[in-house]
Structures are given as structure tokens and as C-alpha cells.
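What follows is structure04.csv (CSV, C-alpha atoms).
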chain,number,residue,atom,x,y,z
A,272,MET,CA,61.8,-15.9,81.6
A,273,GLU,CA,58.5,-13.9,81.1
A,274,GLU,CA,60.0,-10.9,83.0
A,275,LYS,CA,63.1,-10.9,80.8
A,276,LYS,CA,60.9,-10.9,77.7
A,277,GLU,CA,58.9,-8.0,79.0
A,278,LEU,CA,62.1,-6.0,79.8
A,279,ASP,CA,63.4,-6.7,76.3
A,280,GLU,CA,60.2,-5.5,74.7
A,281,THR,CA,60.3,-2.4,76.9
A,282,ILE,CA,63.8,-1.6,75.9
A,283,ASN,CA,62.9,-2.1,72.2
A,284,PHE,CA,60.0,0.3,72.6
A,285,LEU,CA,62.2,2.9,74.3
A,286,ILE,CA,64.8,2.6,71.5
A,287,GLN,CA,62.1,3.2,68.9
A,288,VAL,CA,60.8,6.2,70.9
A,289,GLY,CA,64.3,7.5,71.1
A,290,LYS,CA,64.2,8.2,67.3
A,291,LEU,CA,61.9,11.1,68.0
A,292,LYS,CA,64.9,12.9,69.5
A,293,GLU,CA,66.3,13.2,66.0
A,294,LYS,CA,63.1,13.6,64.0
A,295,LYS,CA,62.9,17.3,62.9
A,296,ARG,CA,59.4,18.7,62.6
A,297,ARG,CA,58.4,19.0,59.0
A,298,GLY,CA,56.6,22.3,59.4
A,299,TRP,CA,59.7,24.1,60.5
A,300,LEU,CA,61.7,22.4,57.7
A,301,ALA,CA,59.2,23.9,55.2
A,302,HIS,CA,59.9,27.3,56.7
A,303,GLU,CA,63.7,26.7,56.4
A,304,ILE,CA,64.3,27.0,60.2
A,305,LYS,CA,67.9,26.3,61.0
A,306,ASN,CA,68.2,23.4,63.5
A,307,PRO,CA,64.5,23.1,64.1
A,308,GLU,CA,62.9,21.4,67.1
A,309,THR,CA,62.4,17.6,67.1
A,310,THR,CA,59.2,15.8,67.9
A,311,ALA,CA,60.7,14.8,71.2
A,312,SER,CA,61.5,18.4,72.2
A,313,HIS,CA,57.9,19.4,71.2
A,314,ILE,CA,56.5,16.6,73.4
A,315,PHE,CA,58.7,17.7,76.3
A,316,ARG,CA,57.6,21.3,76.4
A,317,ALA,CA,54.0,20.5,75.6
A,318,THR,CA,53.9,18.1,78.6
A,319,LEU,CA,55.3,20.9,80.9
A,320,LEU,CA,52.8,23.4,79.5
A,321,ALA,CA,50.0,20.9,80.0
A,322,TRP,CA,51.0,20.3,83.7
A,323,ILE,CA,51.3,24.1,84.4
A,324,LEU,CA,48.0,25.1,82.9
A,325,ALA,CA,46.1,22.0,84.0
A,326,ARG,CA,46.7,23.1,87.6
A,327,LYS,CA,44.6,26.2,86.9
A,328,ARG,CA,41.7,24.1,85.6
A,329,LYS,CA,39.2,22.6,88.0
A,330,GLY,CA,38.0,19.0,87.4
A,331,LEU,CA,40.9,17.8,85.2
A,332,ASN,CA,42.7,14.6,86.0
A,333,ILE,CA,46.3,15.9,85.9
A,334,GLU,CA,47.8,12.4,85.8
A,335,LYS,CA,45.8,11.6,82.7
A,336,VAL,CA,46.7,15.0,81.2
A,337,LEU,CA,50.4,14.3,81.6
A,338,LYS,CA,50.2,10.8,80.3
A,339,MET,CA,48.2,12.0,77.3
A,340,ALA,CA,50.7,14.8,76.6
A,341,LEU,CA,53.6,12.3,76.8
A,342,ILE,CA,52.1,9.9,74.3
A,343,HIS,CA,50.2,12.2,71.9
A,344,ASP,CA,52.9,12.2,69.2
A,345,LEU,CA,54.6,8.8,69.7
A,346,CYS,CA,52.9,7.6,66.5
A,347,GLU,CA,55.4,9.7,64.6
A,348,VAL,CA,58.1,7.1,65.1
A,349,HIS,CA,56.6,5.2,62.2
A,350,THR,CA,54.8,8.0,60.3
A,351,LYS,CA,55.3,11.5,59.1
A,352,ASP,CA,54.8,14.7,61.1
A,353,GLU,CA,51.9,16.3,59.3
A,354,THR,CA,51.6,20.0,59.0
A,355,PRO,CA,48.5,22.2,58.5
A,356,TYR,CA,49.6,22.6,54.9
A,357,ASP,CA,49.6,18.9,54.0
A,358,PRO,CA,48.7,17.6,51.4
A,359,LEU,CA,49.5,20.9,49.6
A,360,LEU,CA,53.2,20.9,50.3
A,361,PRO,CA,55.4,18.9,47.9
A,362,ASN,CA,57.4,16.0,49.2
A,363,ASN,CA,60.5,17.7,48.1
A,364,LEU,CA,60.7,20.8,50.2
A,365,GLN,CA,63.7,22.1,48.1
A,366,ASN,CA,61.2,23.4,45.6
A,367,ARG,CA,61.2,26.7,47.4
A,368,GLU,CA,59.1,28.7,44.9
A,369,LYS,CA,56.2,26.3,45.3
A,370,VAL,CA,56.7,25.9,49.1
A,371,GLU,CA,56.8,29.7,49.7
A,372,LYS,CA,53.7,30.3,47.6
A,373,ILE,CA,51.8,27.7,49.7
A,374,LEU,CA,53.1,29.1,53.0
A,375,ASP,CA,52.0,32.7,52.1
A,376,LYS,CA,48.3,31.7,52.5
A,377,TRP,CA,46.7,29.7,55.3
A,378,PRO,CA,45.3,26.5,53.7
A,379,ASN,CA,41.5,26.7,53.0
A,380,PHE,CA,40.1,23.2,52.5
A,381,THR,CA,36.5,22.3,51.9
A,382,LEU,CA,34.6,20.4,54.6
A,383,LYS,CA,34.8,17.2,52.6
A,384,GLN,CA,38.6,17.7,52.1
A,385,LYS,CA,39.1,18.4,55.8
A,386,ARG,CA,37.2,15.2,56.8
A,387,GLU,CA,39.1,13.1,54.3
A,388,LYS,CA,42.4,14.6,55.5
A,389,ILE,CA,41.6,14.0,59.2
A,390,LEU,CA,40.4,10.4,58.5
A,391,LYS,CA,43.6,9.5,56.5
A,392,LYS,CA,45.8,11.1,59.2
A,393,TYR,CA,44.0,9.2,62.0
A,394,LYS,CA,44.2,5.8,60.2
A,395,ARG,CA,47.9,6.3,59.4
A,396,GLU,CA,48.8,7.4,62.9
A,397,PHE,CA,46.7,4.7,64.6
A,398,ARG,CA,48.5,2.0,62.5
A,399,SER,CA,51.8,3.5,63.5
A,400,LEU,CA,51.0,3.6,67.2
A,401,LYS,CA,49.7,0.0,67.2
A,402,LYS,CA,53.0,-1.1,65.5
A,403,LEU,CA,55.1,0.8,68.1
A,404,VAL,CA,53.4,-0.6,71.2
A,405,SER,CA,52.7,-4.1,69.9
A,406,GLY,CA,55.3,-5.8,72.1
A,407,LEU,CA,54.4,-4.0,75.3
A,408,PRO,CA,52.5,-5.7,78.2
A,409,ARG,CA,48.8,-5.8,77.3
A,410,ASN,CA,47.7,-3.4,80.1
A,411,LEU,CA,50.3,-0.8,79.1
A,412,LYS,CA,49.6,-1.2,75.4
A,413,GLU,CA,45.9,-0.7,75.9
A,414,GLU,CA,46.4,2.3,78.2
A,415,ILE,CA,48.6,4.1,75.6
A,416,ILE,CA,46.2,3.3,72.7
A,417,ASN,CA,43.1,4.4,74.7
A,418,LEU,CA,44.8,7.6,75.8
A,419,TRP,CA,45.8,8.4,72.3
A,420,ARG,CA,42.3,7.8,70.9
A,421,GLU,CA,40.8,9.9,73.7
A,422,PHE,CA,43.2,12.7,72.7
A,423,GLU,CA,42.6,12.4,69.0
A,424,ASN,CA,38.8,12.1,69.2
A,425,GLY,CA,38.3,14.6,72.1
A,426,PHE,CA,36.4,12.0,74.1
A,427,SER,CA,37.0,13.7,77.4
A,428,GLU,CA,37.8,17.1,78.9
A,429,GLU,CA,41.4,16.0,79.3
A,430,GLY,CA,41.6,15.0,75.6
A,431,ARG,CA,40.2,18.3,74.4
A,432,PHE,CA,42.5,20.2,76.8
A,433,VAL,CA,45.7,18.4,75.6
A,434,LYS,CA,44.6,18.8,72.0
A,435,GLN,CA,44.7,22.6,72.5
A,436,ILE,CA,47.9,22.4,74.5
A,437,ASP,CA,49.5,20.7,71.6
A,438,LYS,CA,48.6,23.6,69.3
A,439,ALA,CA,49.5,26.2,72.0
A,440,GLU,CA,53.1,24.8,72.2
A,441,ASN,CA,53.3,24.8,68.5
A,442,TYR,CA,52.2,28.4,68.4
A,443,LEU,CA,54.7,29.4,71.0
A,444,GLN,CA,57.5,27.7,69.1
A,445,GLY,CA,56.4,29.4,65.9
A,446,MET,CA,56.4,32.8,67.5
A,447,GLU,CA,59.9,32.2,68.9
A,448,TYR,CA,61.1,31.3,65.4
A,449,TRP,CA,59.3,34.4,64.1
A,450,LYS,CA,61.2,36.6,66.6
A,451,ARG,CA,64.5,35.0,65.8
A,452,TYR,CA,64.3,34.5,62.0
A,453,GLY,CA,61.3,36.4,60.7
A,454,LYS,CA,60.3,33.5,58.4
A,455,ILE,CA,57.0,32.6,60.1
A,456,ARG,CA,53.8,34.3,58.8
A,457,GLN,CA,52.9,35.7,62.2
A,458,LYS,CA,49.6,37.2,61.2
A,459,LEU,CA,48.4,34.0,59.6
A,460,TRP,CA,49.4,32.0,62.7
A,461,ALA,CA,47.7,34.5,65.0
A,462,ARG,CA,44.4,34.2,63.0
A,463,TRP,CA,44.7,30.3,63.2
A,464,ALA,CA,45.3,30.4,66.9
A,465,LYS,CA,42.2,32.6,67.5
A,466,GLU,CA,40.1,30.2,65.6
A,467,ILE,CA,41.1,27.1,67.5
A,468,PHE,CA,41.7,28.2,71.1
A,469,ASP,CA,38.5,28.2,73.2
A,470,ASP,CA,39.6,26.8,76.5
A,471,PRO,CA,39.6,29.9,78.8
A,472,ILE,CA,43.0,29.0,80.4
A,473,ILE,CA,44.6,28.5,77.1
A,474,VAL,CA,43.1,31.7,75.7
A,475,LYS,CA,44.6,33.6,78.6
A,476,PHE,CA,48.0,31.9,77.9
A,477,PHE,CA,47.7,32.8,74.2
A,478,ARG,CA,46.9,36.5,75.0
A,479,ALA,CA,49.8,36.7,77.5
A,480,LEU,CA,52.1,35.1,74.9
A,481,ASP,CA,51.2,37.7,72.3
A,482,ASP,CA,51.7,40.5,74.8
A,483,LYS,CA,55.2,39.3,75.5
A,484,LEU,CA,56.4,38.2,72.1
A,485,ILE,CA,54.3,40.2,69.5
A,486,LYS,CA,53.2,43.5,70.9
Spit out the file's structure as C-alpha cells when you get a sec.
Amino acid sequence: MEEKKELDETINFLIQVGKLKEKKRRGWLAHEIKNPETTASHIFRATLLAWILARKRKGLNIEKVLKMALIHDLCEVHTKDETPYDPLLPNNLQNREKVEKILDKWPNFTLKQKREKILKKYKREFRSLKKLVSGLPRNLKEEIINLWREFENGFSEEGRFVKQIDKAENYLQGMEYWKRYGKIRQKLWARWAKEIFDDPIIVKFFRALDDKLIK
């Protein structure tokens, strides 16, 4: 009876996670990208990228890296996909004049605003994740939550590495859309990337990516 309940809860969890296959990423919707990637497709390639680059880094626990990459955006089942432009972007992205004006300039928040933004996002996503995993077996639930917190807070080398992998995959997707549609502000994104990438392996990847897609 207990095993059946556990399987039922696991199936419920997977059904909920399956919604990420259809959840289009808000940042690309703001840029009016046709048929943009979903959260699930971002997770898939970010996990592959994490595996490939983690092999080049000594001292990383690759199993932990892969698990962390797989679960890092599961919280978006029950909450929004936040972009670097939130909370500046209007809820209604059809207001194109306002949206385009915001996208033309990389957001510049004060330190206080950044802290408030990060804290609100963290609390919202943590509540969402706990709701999502609430029915899972205790050991699995705790592992997912602990991995997510480690990722979000940068408590470990693996957490800090996957945090940058998440951004690196996002940059790769953005540059692919820029090549295809020309709607992405490439120079702004390149400046953003240079400011956040400091892991030597990811910096090499970023430079190689620019050599291939930009220059």
C-alpha cells in the first residue's frame, strides 16, 4: 500500500514537471521570438553543457552538478520565469512601445533594489519548489530542496558552477536567436556575460562561442 502511494506521488510529480515542456520562457516572449524555447528545453541543454564543461574542471562532483542542473528551474512549474528586466517589464507584453524601450537598455538597479529583487524571487521560487515536491518521499524531497538551495545560494563549488552554466546556456540561446532574428541586443548581452562569468572554463566557452557566432 505504501509503495503504491509513493508511485502515485511520483507520477503526480512527473505530470507537474511535464508542464515545463510547454512553458515558454518569458524573456524570449518579451523579445517577440517566434516559437521560443521552453523551460524544459533550457534545462535539457544546460544539463548537457554542465556535464561537458564539468569534465574539464578538477574537484567537481559531477553527479551533484548534473542533479543540480536538472532541478535548478523546477520551481517554475508554480511560479513565473523571471527575466533580468523584471520588475520593469509590464505584465502585458503586448505593450510593445514600452517593452522595446526597456529592452534597449540593460537594467540598472540600485544595490537595495537588487537585494529586494533577489530576496523576493528566492522566497517565491522556494515556496513553489516546496509545493512541487511536497508529496515525494522524504529523502528525495530533501535532496531536491537542498540541491536547489545550494545552487541558489552558491554554497558550494558545484552550486556556483551550475549558476554560471545556467547563464551560459541562456547566453548561447540568446546569440542563436540574435543570428536568426536579429532581435536580441547582442552588445548589451555580451557586456552582461563579461560581468558575470568568472569561472575559467566557462570564460573559455564564452570566448569560443563569441568567436563562432559573433565575430
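Distances from A:Leu374, A:Leu411, A:Ala301, A:Leu324 to Asn362 (chain A) were compared using all atoms listed in the file, and the smallest one belongs to A:Ala301.
The closest residue to Lys450 (chain A), picked from A:Lys402, A:Ile304, A:Gln365, A:Ile323 and counting all atoms listed in the file, is A:Ile304.
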**Item:** Within 12 Å of region 476-485 of chain A using all atoms listed in the file, minus same-chain residues under 6 positions, as a PyMOL selection string
**Value:** chain A and resi 320-321+323-325+327+435-436+438-451+453+457-458+460-470
Next, dump the selected residues to file, keeping only C-alpha atoms, as a CSV table (one decimal), in the coordinates of the input.
chain,number,residue,atom,x,y,z
A,320,LEU,CA,52.8,23.4,79.5
A,321,ALA,CA,50.0,20.9,80.0
A,323,ILE,CA,51.3,24.1,84.4
A,324,LEU,CA,48.0,25.1,82.9
A,325,ALA,CA,46.1,22.0,84.0
A,327,LYS,CA,44.6,26.2,86.9
A,435,GLN,CA,44.7,22.6,72.5
A,436,ILE,CA,47.9,22.4,74.5
A,438,LYS,CA,48.6,23.6,69.3
A,439,ALA,CA,49.5,26.2,72.0
A,440,GLU,CA,53.1,24.8,72.2
A,441,ASN,CA,53.3,24.8,68.5
A,442,TYR,CA,52.2,28.4,68.4
A,443,LEU,CA,54.7,29.4,71.0
A,444,GLN,CA,57.5,27.7,69.1
A,445,GLY,CA,56.4,29.4,65.9
A,446,MET,CA,56.4,32.8,67.5
A,447,GLU,CA,59.9,32.2,68.9
A,448,TYR,CA,61.1,31.3,65.4
A,449,TRP,CA,59.3,34.4,64.1
A,450,LYS,CA,61.2,36.6,66.6
A,451,ARG,CA,64.5,35.0,65.8
A,453,GLY,CA,61.3,36.4,60.7
A,457,GLN,CA,52.9,35.7,62.2
A,458,LYS,CA,49.6,37.2,61.2
A,460,TRP,CA,49.4,32.0,62.7
A,461,ALA,CA,47.7,34.5,65.0
A,462,ARG,CA,44.4,34.2,63.0
A,463,TRP,CA,44.7,30.3,63.2
A,464,ALA,CA,45.3,30.4,66.9
A,465,LYS,CA,42.2,32.6,67.5
A,466,GLU,CA,40.1,30.2,65.6
A,467,ILE,CA,41.1,27.1,67.5
A,468,PHE,CA,41.7,28.2,71.1
A,469,ASP,CA,38.5,28.2,73.2
A,470,ASP,CA,39.6,26.8,76.5
**Request:** Just the residues within 12 Å of Lys391 (chain A), please, counting only C-alpha atoms, with nothing from its chain fewer than 4 positions along; format it as JSON, numbers by chain.
**Result:** {"A": [350, 353, 357, 358, 384, 385, 386, 387, 395, 396, 397, 398]}
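Atom pair CA of Asn283 (chain A) / CA of Thr310 (chain A) has a distance of 18.8 Å (rounded to one decimal).
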At most 10 Å is the cut-off: for each residue in region 370-450 of chain A with any atom that close to an atom of region 338-349 of chain A, write down the nearest atom pair and the distance in Å rounded to one decimal, counting all atoms listed in the file, chain first then increasing number, as CSV.
residue,atom,partner,partner_atom,distance
A:Arg395,CA,A:Cys346,CA,8.8
A:Glu396,CA,A:Cys346,CA,5.5
A:Phe397,CA,A:Cys346,CA,7.1
A:Arg398,CA,A:Cys346,CA,8.2
A:Ser399,CA,A:Cys346,CA,5.2
A:Leu400,CA,A:Cys346,CA,4.5
A:Lys401,CA,A:Cys346,CA,8.3
A:Lys402,CA,A:His349,CA,8.0
A:Leu403,CA,A:Cys346,CA,7.3
A:Val404,CA,A:Cys346,CA,9.5
A:Glu414,CA,A:Lys338,CA,9.5
A:Ile415,CA,A:Ile342,CA,6.9
A:Ile416,CA,A:Ile342,CA,9.0
A:Asn417,CA,A:Met339,CA,9.5
A:Leu418,CA,A:Met339,CA,5.8
A:Trp419,CA,A:His343,CA,5.8
A:Arg420,CA,A:His343,CA,9.1
A:Glu421,CA,A:Met339,CA,8.5
A:Phe422,CA,A:Met339,CA,6.8
A:Glu423,CA,A:His343,CA,8.1
A:Glu429,CA,A:Met339,CA,8.1
A:Gly430,CA,A:Met339,CA,7.4
A:Phe432,CA,A:Ala340,CA,9.8
A:Val433,CA,A:Ala340,CA,6.2
A:Lys434,CA,A:Ala340,CA,8.6
A:Ile436,CA,A:Ala340,CA,8.4
A:Asp437,CA,A:Ala340,CA,7.8
**Request:** Work out how far apart CA of Thr381 (chain A) and CA of Gly298 (chain A) are and give it in Å to one decimal.
**Result:** 21.5 Å
**Exercise: Arg296 (chain A) partners within 8 Å, all atoms listed in the file, chain neighbours under 2 positions left out, as a VMD selection string** = chain A and resid 294 298 to 300 307 to 310 352
**Asked** In terms of the shortest atom-to-atom distance over all atoms listed in the file, which of A:Ile333, A:Ile389, A:Leu360, A:Ile455 is closest to Arg297 (chain A)?
**Response** A:Leu360
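When CA of Lys292 (chain A) is paired with CA of His313 (chain A), their separation reads 9.7 Å.
Of the residues listed (A:Lys335, A:Leu459, A:Asn306, A:Gly406), A:Asn306 shows the shortest atom-to-atom separation from Glu293 (chain A); distances use all atoms listed in the file.
Checking A:Glu274, A:Ser405, A:His302, A:Asn332 one by one against Val370 (chain A), counting only C-alpha atoms, you find the shortest gap at A:His302.
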Show me, as a CSV table (one decimal) with C-alpha atoms, in the coordinates of the input, the residues that have an atom within 10 Å of Leu278 (chain A) when counting only C-alpha atoms, minus same-chain residues fewer than 6 positions from it.
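File part_24.csv, as written:
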chain,number,residue,atom,x,y,z
A,284,PHE,CA,60.0,0.3,72.6
A,407,LEU,CA,54.4,-4.0,75.3
A,408,PRO,CA,52.5,-5.7,78.2
